[in-house]
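*Asks:* Mind looking over this structure? Questions follow.
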Amino acid sequence: MVEKVYVTYTDQILNDFKPNLMIAIGGGGYVPARILRSFLKKPGSPNIPIQAIGLSLYESLGTDSQVEQPGTKVTRTQWLDLSSLEMANLIGKNVLIVDEVDDTRTTLEYAVKELEKDVATAAKQAGRAGESTNFSIFVLHNKDKQKKGRLSEDMMKSGMYLAAVTVGDVWINYPWEATDIEEHDKMAENQAAQ
Ligand code: 5GP
């Protein structure tokens with residue numbers, strides 16, 4: 001008989017990522033991060049804390065100045081307070097970034113790069129530049145498509161990126177976005193019956 005090994009996402013996250021802290025990218029990442037926290041809870045260990053950041057994408061036409069190139073830009077709508085313990089909290093930790101979907105990857109590229117940069121600054125200021133902070137990523141869905149954003153080879157090769165499901169280039173309606181959950185469920189049922 002073939003020996004079967006059942007590996008869960010939780011095992012992989014706990015054993016490989018070993019997160020001390022989660023950063024949820026709002027609003028889509030809040031619900032998955034909160035659910036994940038319950039699944040990652042080990043008896044006798046405290047809950048993994050969740051901090052929130054908010055990013056928003058906009059299309060830049062490149063007309064604002066001579067220098068700006070056309071393309072997708074990201075702005076911070078919510079960020080960790082650089083001067084308080086919020087950012088210092090990340091130094092030397094394994095930080096799991098959580099979002100609901102990796103579409104063009106613009107958001108994730110920005111989040112990883114900016115967090116790495118800000119943690120490095122905070123570590124330097126605190127005289128803790130020697131401590132390495134590791135970032136990993138969990139998304140519910142990754143869309144298999146040409147990406148605009150890039151994540152480092154290191155992160156992808158070392159398996160620090162985990163997508164629960166890979167889908168085509170479709171638009172996903174999550175239940176937590178629905179204002180009429182019965183209607184949402186009906187649509188899902190109809191789709192499943194097709
Ligand atoms: P990005 O293109 O930067 O990977 O994704 C930007 C954001 O767009 C995501 O964090 C998510 O909030 C939103 N988004 C992209 N694709 C979908 C989708 O299929 N469904 C939903 N609900 N949001 C999406």
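If you're wondering about the labels, chains in the structure tokens are A, B, ... by order shown, residues count from 1 in each chain, ligands from 1 in order shown.
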Taking a cut-off of 12 Å and counting only C-alpha atoms, can you build a table that, for each residue of segment 128-156 of chain A near segment 88-92 of chain A, reports the nearest atom pair and how far apart they are in Å (one decimal), sorted by chain then residue number, as JSON lines?
*Replies:*
```
{"residue": "A:Arg128", "atom": "CA", "partner": "A:Ile91", "partner_atom": "CA", "distance": 7.7}
{"residue": "A:Ala129", "atom": "CA", "partner": "A:Ile91", "partner_atom": "CA", "distance": 8.6}
{"residue": "A:Gly130", "atom": "CA", "partner": "A:Gly92", "partner_atom": "CA", "distance": 8.6}
{"residue": "A:Glu131", "atom": "CA", "partner": "A:Gly92", "partner_atom": "CA", "distance": 4.8}
{"residue": "A:Ser132", "atom": "CA", "partner": "A:Gly92", "partner_atom": "CA", "distance": 4.9}
{"residue": "A:Thr133", "atom": "CA", "partner": "A:Gly92", "partner_atom": "CA", "distance": 4.3}
{"residue": "A:Asn134", "atom": "CA", "partner": "A:Gly92", "partner_atom": "CA", "distance": 7.4}
{"residue": "A:Phe135", "atom": "CA", "partner": "A:Leu90", "partner_atom": "CA", "distance": 9.8}
```
*Asks:* Name the residues of segment 1-92 of chain A that come out as strand (DSSP E) in a backbone DSSP run; write them as a PyMOL selection string.
*Replies:* chain A and resi 21-26+50-60+71-78
*Asks:* With C-alpha atoms retained, could you export that selection as a compact mmCIF listing (two decimals), in the first residue's frame?
*Replies:*
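Final output, saved to selection_18.txt:
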```txt
# COMPACT_ATOMS: atom_id res chain seq x y z
CA LEU A 21 3.87 37.81 14.13
CA MET A 22 1.38 38.30 11.29
CA ILE A 23 0.93 41.40 9.20
CA ALA A 24 -2.48 41.50 7.56
CA ILE A 25 -2.86 43.62 4.45
CA GLY A 26 -6.25 45.26 4.72
CA ILE A 50 -1.70 40.38 14.11
CA GLN A 51 -0.78 43.88 13.00
CA ALA A 52 -2.60 45.60 10.17
CA ILE A 53 -1.36 47.63 7.25
CA GLY A 54 -3.43 49.18 4.47
CA LEU A 55 -2.36 49.79 0.89
CA SER A 56 -4.23 51.11 -2.06
CA LEU A 57 -3.43 50.88 -5.74
CA TYR A 58 -4.00 53.54 -8.32
CA GLU A 59 -3.20 53.88 -11.99
CA SER A 60 -0.72 56.67 -12.62
CA GLY A 71 1.93 52.43 -14.25
CA THR A 72 0.41 51.16 -11.05
CA LYS A 73 1.36 53.06 -7.92
CA VAL A 74 0.83 52.08 -4.35
CA THR A 75 0.01 54.36 -1.44
CA ARG A 76 0.05 53.56 2.25
CA THR A 77 -3.34 54.14 3.82
CA GLN A 78 -2.25 52.54 7.10
```
*Asks:* Determine, for each residue of chain A having at least one atom at most 8 Å from an atom of ligand 1, the closest pair of atoms and their separation in Å to one decimal, counting only C-alpha atoms and all ligand atoms; order by chain and ascending number, as JSON lines.
*Replies:*
```
{"residue": "A:Ile25", "atom": "CA", "partner": "ligand 1", "partner_atom_place_in_ligand_line": "10 (O)", "distance": 7.2}
{"residue": "A:Gly26", "atom": "CA", "partner": "ligand 1", "partner_atom_place_in_ligand_line": "12 (O)", "distance": 7.6}
{"residue": "A:Gly27", "atom": "CA", "partner": "ligand 1", "partner_atom_place_in_ligand_line": "12 (O)", "distance": 6.9}
{"residue": "A:Gly28", "atom": "CA", "partner": "ligand 1", "partner_atom_place_in_ligand_line": "12 (O)", "distance": 5.3}
{"residue": "A:Gly29", "atom": "CA", "partner": "ligand 1", "partner_atom_place_in_ligand_line": "10 (O)", "distance": 7.5}
{"residue": "A:Ser56", "atom": "CA", "partner": "ligand 1", "partner_atom_place_in_ligand_line": "6 (C)", "distance": 7.7}
{"residue": "A:Leu57", "atom": "CA", "partner": "ligand 1", "partner_atom_place_in_ligand_line": "6 (C)", "distance": 6.8}
{"residue": "A:Asp99", "atom": "CA", "partner": "ligand 1", "partner_atom_place_in_ligand_line": "10 (O)", "distance": 6.2}
{"residue": "A:Glu100", "atom": "CA", "partner": "ligand 1", "partner_atom_place_in_ligand_line": "10 (O)", "distance": 6.4}
{"residue": "A:Val101", "atom": "CA", "partner": "ligand 1", "partner_atom_place_in_ligand_line": "9 (C)", "distance": 5.5}
{"residue": "A:Asp102", "atom": "CA", "partner": "ligand 1", "partner_atom_place_in_ligand_line": "4 (O)", "distance": 4.1}
{"residue": "A:Asp103", "atom": "CA", "partner": "ligand 1", "partner_atom_place_in_ligand_line": "4 (O)", "distance": 3.4}
{"residue": "A:Thr104", "atom": "CA", "partner": "ligand 1", "partner_atom_place_in_ligand_line": "2 (O)", "distance": 3.6}
{"residue": "A:Arg105", "atom": "CA", "partner": "ligand 1", "partner_atom_place_in_ligand_line": "4 (O)", "distance": 3.6}
{"residue": "A:Thr106", "atom": "CA", "partner": "ligand 1", "partner_atom_place_in_ligand_line": "3 (O)", "distance": 3.9}
{"residue": "A:Thr107", "atom": "CA", "partner": "ligand 1", "partner_atom_place_in_ligand_line": "3 (O)", "distance": 3.7}
{"residue": "A:Leu108", "atom": "CA", "partner": "ligand 1", "partner_atom_place_in_ligand_line": "3 (O)", "distance": 6.3}
{"residue": "A:Lys148", "atom": "CA", "partner": "ligand 1", "partner_atom_place_in_ligand_line": "2 (O)", "distance": 8.0}
{"residue": "A:Gly149", "atom": "CA", "partner": "ligand 1", "partner_atom_place_in_ligand_line": "3 (O)", "distance": 7.6}
{"residue": "A:Asp169", "atom": "CA", "partner": "ligand 1", "partner_atom_place_in_ligand_line": "19 (O)", "distance": 7.9}
{"residue": "A:Val170", "atom": "CA", "partner": "ligand 1", "partner_atom_place_in_ligand_line": "19 (O)", "distance": 6.0}
{"residue": "A:Trp171", "atom": "CA", "partner": "ligand 1", "partner_atom_place_in_ligand_line": "19 (O)", "distance": 3.5}
{"residue": "A:Ile172", "atom": "CA", "partner": "ligand 1", "partner_atom_place_in_ligand_line": "19 (O)", "distance": 3.8}
{"residue": "A:Asn173", "atom": "CA", "partner": "ligand 1", "partner_atom_place_in_ligand_line": "22 (N)", "distance": 5.0}
{"residue": "A:Tyr174", "atom": "CA", "partner": "ligand 1", "partner_atom_place_in_ligand_line": "22 (N)", "distance": 5.8}
{"residue": "A:Glu177", "atom": "CA", "partner": "ligand 1", "partner_atom_place_in_ligand_line": "22 (N)", "distance": 7.2}
```
*Asks:* To one decimal place in Å, what is the distance between atom CA of Lys42 of chain A and atom CA of Ala163 of chain A?
*Replies:*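 So the answer is 22.1 Å.
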*Asks:* Could you check which of A:Lys186, A:Asp11, A:Ser136, A:Val5 is closest to Lys157 of chain A, using only C-alpha atoms?
*Replies:*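 Closest to Lys157 of chain A of all the choices is A:Ser136.
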